[in-house]
file upload-v7.csv (CSV, C-alpha atoms)
chain,number,residue,atom,x,y,z
Z,3,MET,CA,-23.5,20.3,-4.8
Z,4,ALA,CA,-21.1,17.5,-5.4
Z,5,ASP,CA,-18.5,20.0,-6.5
Z,6,TRP,CA,-19.0,22.1,-3.4
Z,7,GLU,CA,-18.7,19.1,-1.1
Z,8,ALA,CA,-15.6,17.8,-2.9
Z,9,MET,CA,-13.9,21.2,-2.5
Z,10,LEU,CA,-14.8,21.5,1.1
Z,11,GLU,CA,-13.3,18.1,1.7
Z,12,GLN,CA,-10.2,19.1,-0.2
Z,13,THR,CA,-9.7,22.1,2.0
Z,14,LEU,CA,-9.2,19.7,4.9
Z,15,VAL,CA,-6.5,17.6,3.3
Z,16,VAL,CA,-4.7,19.8,0.7
Z,17,PRO,CA,-2.0,22.2,1.9
Z,18,ARG,CA,-3.1,25.8,1.3
Z,19,GLU,CA,-0.2,26.4,-1.2
Z,20,ARG,CA,-1.5,23.6,-3.4
Z,21,GLU,CA,-5.2,24.5,-3.2
Z,22,ASN,CA,-5.4,26.5,-6.4
Z,23,ASP,CA,-3.8,23.6,-8.4
Z,24,VAL,CA,-6.0,21.0,-6.9
Z,25,ILE,CA,-9.2,22.9,-7.5
Z,26,ARG,CA,-8.2,23.8,-11.1
Z,27,ASP,CA,-7.3,20.1,-11.8
Z,28,TYR,CA,-10.5,18.9,-10.3
Z,29,PHE,CA,-12.7,21.1,-12.4
Z,30,LEU,CA,-10.8,20.5,-15.6
Z,31,SER,CA,-11.3,16.8,-15.1
Z,32,ARG,CA,-15.1,17.1,-14.5
Z,33,TYR,CA,-16.1,19.6,-17.2
Z,34,ARG,CA,-15.5,19.3,-21.0
Z,35,SER,CA,-15.4,23.1,-21.5
Z,36,PRO,CA,-12.4,24.8,-19.9
Z,37,ALA,CA,-14.6,28.0,-19.8
Z,38,GLU,CA,-17.2,26.2,-17.7
Z,39,ALA,CA,-14.5,24.6,-15.5
Z,40,LYS,CA,-13.0,28.0,-14.9
Z,41,TRP,CA,-16.3,29.6,-14.1
Z,42,ARG,CA,-17.2,26.9,-11.6
Z,43,ALA,CA,-13.8,27.0,-10.0
Z,44,LEU,CA,-13.9,30.8,-9.6
Z,45,ARG,CA,-17.2,30.5,-7.9
Z,46,ILE,CA,-15.8,27.9,-5.4
Z,47,PHE,CA,-12.9,30.2,-4.7
Z,48,ALA,CA,-15.3,33.1,-4.1
Z,49,ALA,CA,-17.4,31.0,-1.7
Z,50,LEU,CA,-14.4,29.7,0.2
Z,51,ARG,CA,-12.9,33.1,0.6
Z,52,TYR,CA,-16.3,34.4,1.8
Z,53,LEU,CA,-16.6,31.5,4.2
Z,54,GLU,CA,-13.1,32.2,5.6
Z,55,ALA,CA,-13.8,35.9,6.0
Z,56,ASN,CA,-17.0,35.3,7.9
Z,57,ALA,CA,-16.2,32.1,9.8
Z,58,SER,CA,-16.8,33.6,13.2
Z,59,SER,CA,-20.3,34.7,12.3
Z,60,PHE,CA,-21.2,31.3,10.9
Z,61,GLU,CA,-19.6,29.6,14.0
Z,62,LYS,CA,-21.5,31.8,16.4
Z,63,ALA,CA,-24.7,30.9,14.6
Z,64,GLY,CA,-23.9,27.2,15.0
Z,65,TYR,CA,-23.5,26.4,11.3
Z,66,ALA,CA,-19.7,26.1,11.2
Z,67,LEU,CA,-16.7,25.1,13.4
Z,68,ALA,CA,-13.5,26.9,12.5
Z,69,SER,CA,-9.9,26.4,13.7
Z,70,SER,CA,-6.5,27.3,12.5
Z,71,LYS,CA,-6.1,23.9,11.0
Z,72,GLY,CA,-9.4,23.8,9.1
Z,73,GLY,CA,-13.1,23.5,9.9
Z,74,THR,CA,-16.4,22.0,9.0
Z,75,ILE,CA,-19.7,23.5,8.0
Z,76,THR,CA,-23.2,22.1,8.1
Z,77,GLU,CA,-25.1,20.9,5.0
Z,78,TYR,CA,-27.5,23.8,5.7
Z,79,LEU,CA,-24.8,26.4,5.3
Z,80,THR,CA,-23.3,24.6,2.4
Z,81,SER,CA,-26.7,24.7,0.7
Z,82,ALA,CA,-27.2,28.4,1.4
Z,83,LEU,CA,-23.7,29.3,0.0
Z,84,TYR,CA,-24.4,27.2,-3.1
Z,85,ARG,CA,-27.7,28.8,-3.7
Z,86,PHE,CA,-26.0,32.1,-3.9
Z,87,PHE,CA,-22.6,31.5,-5.4
Z,88,GLY,CA,-23.8,28.9,-7.8
Z,89,VAL,CA,-26.3,31.2,-9.6
Z,90,ALA,CA,-25.5,34.9,-8.7
Z,91,THR,CA,-24.2,37.3,-11.3
Z,92,ASP,CA,-20.5,38.2,-11.3
Z,93,GLU,CA,-21.4,41.6,-9.9
Z,94,ASP,CA,-23.4,40.1,-7.0
Z,95,VAL,CA,-20.6,37.7,-6.3
Z,96,ALA,CA,-18.2,40.6,-6.0
Z,97,THR,CA,-20.5,42.2,-3.4
Z,98,PRO,CA,-22.2,39.3,-1.6
Z,99,PRO,CA,-24.8,39.8,1.1
Z,100,SER,CA,-24.0,39.9,4.8
Z,101,PRO,CA,-23.5,36.6,6.7
Z,102,ASP,CA,-26.9,37.1,8.3
Z,103,VAL,CA,-28.6,36.4,4.9
Z,104,PHE,CA,-26.8,33.0,4.6
Z,105,ILE,CA,-27.4,32.2,8.3
Z,106,GLU,CA,-31.2,32.8,7.8
Z,107,ALA,CA,-31.2,30.7,4.6
Z,108,ALA,CA,-29.4,27.9,6.5
Z,109,ALA,CA,-31.9,28.2,9.4
Z,110,GLU,CA,-34.8,28.0,6.9
Z,111,HIS,CA,-33.3,25.0,5.3
Z,112,GLU,CA,-32.8,23.3,8.7
Z,113,ARG,CA,-36.4,24.1,9.7
Z,114,ASN,CA,-37.8,22.6,6.5
Z,115,ASP,CA,-35.5,19.5,6.6
Z,116,PRO,CA,-37.8,16.4,7.1

call {"tool": "encode", "arguments": {"input": "upload-v7.csv", "output": "structure tokens"}}
result
Amino acid sequence: MADWEAMLEQTLVVPRERENDVIRDYFLSRYRSPAEAKWRALRIFAALRYLEANASSFEKAGYALASSKGGTITEYLTSALYRFFGVATDEDVATPPSPDVFIEAAAEHERNDP
């Protein structure tokens, strides 16, 4: 989750044209194996693109706030995205479930939060 949170913070401060370099450098500095760093970075890219493509659904559900200059997401949605993009097969990442699946997972996490 630390990687996900760090990347979400970076999206708020790093210009879009530098995003790829910043993410690559971050992961290469955290993981010894370049292959693992690449795998983790690609998963972050996939999750961020999914989040961008479905921002309005997540915003309507109350788990994200989006604007042309950035946005924020709740810890519940972050967790739901992580639970999928952090463990799913490459094939599943290529065809992720609908936003409703992540919204329900975020809602479940929120309901069970002490």

call {"tool": "closest_residue", "arguments": {"input": "upload-v7.csv", "among": "Z:Thr76, Z:Tyr65, Z:Asp5, Z:Ala49", "to": "Z:Tyr33", "atoms": "all atoms listed in the file"}}
result
Z:Asp5

call {"tool": "closest_residue", "arguments": {"input": "upload-v7.csv", "among": "Z:Ser59, Z:Trp41, Z:Ala68, Z:Pro116", "to": "Z:Thr91", "atoms": "all atoms listed in the file"}}
result
Z:Trp41

call {"tool": "closest_residue", "arguments": {"input": "upload-v7.csv", "among": "Z:Ala108, Z:Leu44, Z:Leu50, Z:Val15", "to": "Z:Glu77", "atoms": "all atoms listed in the file"}}
result
Z:Ala108

call {"tool": "atom_distance", "arguments": {"input": "upload-v7.csv", "atom1": "atom CA of Z:Ala109", "atom2": "atom CA of Z:Glu54"}}
result
19.6 Å

call {"tool": "residues_near_point", "arguments": {"input": "upload-v7.csv", "point": "(-27.9, 29.1, -2.3)", "cutoff": "12 Å", "atoms": "only C-alpha atoms", "output": "count of residues only"}}
result
28

call {"tool": "closest_residue", "arguments": {"input": "upload-v7.csv", "among": "Z:Ile46, Z:Ser31, Z:Pro101, Z:Asp94", "to": "Z:Glu61", "atoms": "all atoms listed in the file"}}
result
Z:Pro101

call {"tool": "residues_around", "arguments": {"input": "upload-v7.csv", "residues": "Z:Glu21", "least_positions_apart": "5", "cutoff": "8 Å", "atoms": "all atoms listed in the file", "output": "PDB file with C-alpha atoms, in the frame of the given file"}}
result
ATOM      1  CA  GLN Z  12     -10.200  19.100  -0.200  1.00  0.00           C
ATOM      2  CA  THR Z  13      -9.700  22.100   2.000  1.00  0.00           C
ATOM      3  CA  VAL Z  16      -4.700  19.800   0.700  1.00  0.00           C
TER       4      VAL Z  16
END

call {"tool": "atom_distance", "arguments": {"input": "upload-v7.csv", "atom1": "atom CA of Z:Phe29", "atom2": "atom CA of Z:Met9"}}
result
10.0 Å

call {"tool": "decode", "arguments": {"input": "upload-v7.csv", "residues": "stretch 14-83 of chain Z", "atoms": "C-alpha atoms", "output": "PDB file, in the first residue's frame"}}
result
ATOM      1  CA  LEU Z  14      -0.720  15.617  -7.459  1.00  0.00           C
ATOM      2  CA  VAL Z  15       2.718  17.227  -7.697  1.00  0.00           C
ATOM      3  CA  VAL Z  16       4.489  15.772 -10.735  1.00  0.00           C
ATOM      4  CA  PRO Z  17       3.679  17.156 -14.186  1.00  0.00           C
ATOM      5  CA  ARG Z  18       1.981  14.562 -16.373  1.00  0.00           C
ATOM      6  CA  GLU Z  19       4.859  14.599 -18.886  1.00  0.00           C
ATOM      7  CA  ARG Z  20       7.291  13.523 -16.121  1.00  0.00           C
ATOM      8  CA  GLU Z  21       4.998  10.947 -14.520  1.00  0.00           C
ATOM      9  CA  ASN Z  22       6.526   7.913 -16.270  1.00  0.00           C
ATOM     10  CA  ASP Z  23      10.089   8.864 -15.296  1.00  0.00           C
ATOM     11  CA  VAL Z  24       9.149   9.574 -11.687  1.00  0.00           C
ATOM     12  CA  ILE Z  25       7.294   6.284 -11.295  1.00  0.00           C
ATOM     13  CA  ARG Z  26      10.102   4.296 -12.941  1.00  0.00           C
ATOM     14  CA  ASP Z  27      12.750   5.961 -10.727  1.00  0.00           C
ATOM     15  CA  TYR Z  28      10.671   5.423  -7.599  1.00  0.00           C
ATOM     16  CA  PHE Z  29      10.264   1.694  -8.204  1.00  0.00           C
ATOM     17  CA  LEU Z  30      13.853   1.127  -9.270  1.00  0.00           C
ATOM     18  CA  SER Z  31      14.977   2.778  -6.027  1.00  0.00           C
ATOM     19  CA  ARG Z  32      12.700   0.574  -3.880  1.00  0.00           C
ATOM     20  CA  TYR Z  33      13.168  -2.886  -5.393  1.00  0.00           C
ATOM     21  CA  ARG Z  34      16.407  -4.764  -6.030  1.00  0.00           C
ATOM     22  CA  SER Z  35      15.108  -6.656  -9.015  1.00  0.00           C
ATOM     23  CA  PRO Z  36      14.416  -4.516 -12.085  1.00  0.00           C
ATOM     24  CA  ALA Z  37      11.839  -7.122 -13.147  1.00  0.00           C
ATOM     25  CA  GLU Z  38       9.891  -6.710  -9.905  1.00  0.00           C
ATOM     26  CA  ALA Z  39      10.183  -2.924 -10.082  1.00  0.00           C
ATOM     27  CA  LYS Z  40       8.810  -3.002 -13.633  1.00  0.00           C
ATOM     28  CA  TRP Z  41       5.928  -5.323 -12.703  1.00  0.00           C
ATOM     29  CA  ARG Z  42       4.914  -3.126  -9.783  1.00  0.00           C
ATOM     30  CA  ALA Z  43       5.208   0.072 -11.835  1.00  0.00           C
ATOM     31  CA  LEU Z  44       3.092  -1.385 -14.644  1.00  0.00           C
ATOM     32  CA  ARG Z  45       0.410  -2.300 -12.123  1.00  0.00           C
ATOM     33  CA  ILE Z  46       0.404   1.252 -10.775  1.00  0.00           C
ATOM     34  CA  PHE Z  47       0.096   2.622 -14.315  1.00  0.00           C
ATOM     35  CA  ALA Z  48      -2.830   0.280 -14.986  1.00  0.00           C
ATOM     36  CA  ALA Z  49      -4.590   1.297 -11.775  1.00  0.00           C
ATOM     37  CA  LEU Z  50      -4.056   5.010 -12.410  1.00  0.00           C
ATOM     38  CA  ARG Z  51      -5.373   4.757 -15.968  1.00  0.00           C
ATOM     39  CA  TYR Z  52      -8.380   2.800 -14.691  1.00  0.00           C
ATOM     40  CA  LEU Z  53      -9.002   5.414 -12.015  1.00  0.00           C
ATOM     41  CA  GLU Z  54      -8.807   8.218 -14.590  1.00  0.00           C
ATOM     42  CA  ALA Z  55     -11.136   6.441 -17.007  1.00  0.00           C
ATOM     43  CA  ASN Z  56     -13.722   5.823 -14.282  1.00  0.00           C
ATOM     44  CA  ALA Z  57     -13.296   8.943 -12.138  1.00  0.00           C
ATOM     45  CA  SER Z  58     -16.879  10.093 -12.602  1.00  0.00           C
ATOM     46  CA  SER Z  59     -18.286   6.777 -11.315  1.00  0.00           C
ATOM     47  CA  PHE Z  60     -16.047   6.865  -8.262  1.00  0.00           C
ATOM     48  CA  GLU Z  61     -16.880  10.511  -7.661  1.00  0.00           C
ATOM     49  CA  LYS Z  62     -20.635   9.890  -7.872  1.00  0.00           C
ATOM     50  CA  ALA Z  63     -20.228   7.096  -5.304  1.00  0.00           C
ATOM     51  CA  GLY Z  64     -18.403   9.460  -2.952  1.00  0.00           C
ATOM     52  CA  TYR Z  65     -15.055   7.678  -3.013  1.00  0.00           C
ATOM     53  CA  ALA Z  66     -13.152  10.206  -5.142  1.00  0.00           C
ATOM     54  CA  LEU Z  67     -13.018  13.883  -5.981  1.00  0.00           C
ATOM     55  CA  ALA Z  68     -11.749  14.683  -9.458  1.00  0.00           C
ATOM     56  CA  SER Z  69     -10.814  17.916 -11.178  1.00  0.00           C
ATOM     57  CA  SER Z  70      -8.821  18.969 -14.208  1.00  0.00           C
ATOM     58  CA  LYS Z  71      -5.863  19.665 -11.901  1.00  0.00           C
ATOM     59  CA  GLY Z  72      -5.897  16.413  -9.970  1.00  0.00           C
ATOM     60  CA  GLY Z  73      -8.003  14.672  -7.432  1.00  0.00           C
ATOM     61  CA  THR Z  74      -8.150  12.633  -4.290  1.00  0.00           C
ATOM     62  CA  ILE Z  75      -9.481   9.215  -3.440  1.00  0.00           C
ATOM     63  CA  THR Z  76     -10.484   7.671  -0.155  1.00  0.00           C
ATOM     64  CA  GLU Z  77      -8.441   5.015   1.571  1.00  0.00           C
ATOM     65  CA  TYR Z  78     -11.356   2.643   0.909  1.00  0.00           C
ATOM     66  CA  LEU Z  79     -11.123   3.011  -2.857  1.00  0.00           C
ATOM     67  CA  THR Z  80      -7.325   2.871  -2.708  1.00  0.00           C
ATOM     68  CA  SER Z  81      -7.608  -0.427  -0.859  1.00  0.00           C
ATOM     69  CA  ALA Z  82     -10.135  -1.832  -3.331  1.00  0.00           C
ATOM     70  CA  LEU Z  83      -7.935  -0.929  -6.305  1.00  0.00           C
TER      71      LEU Z  83
END
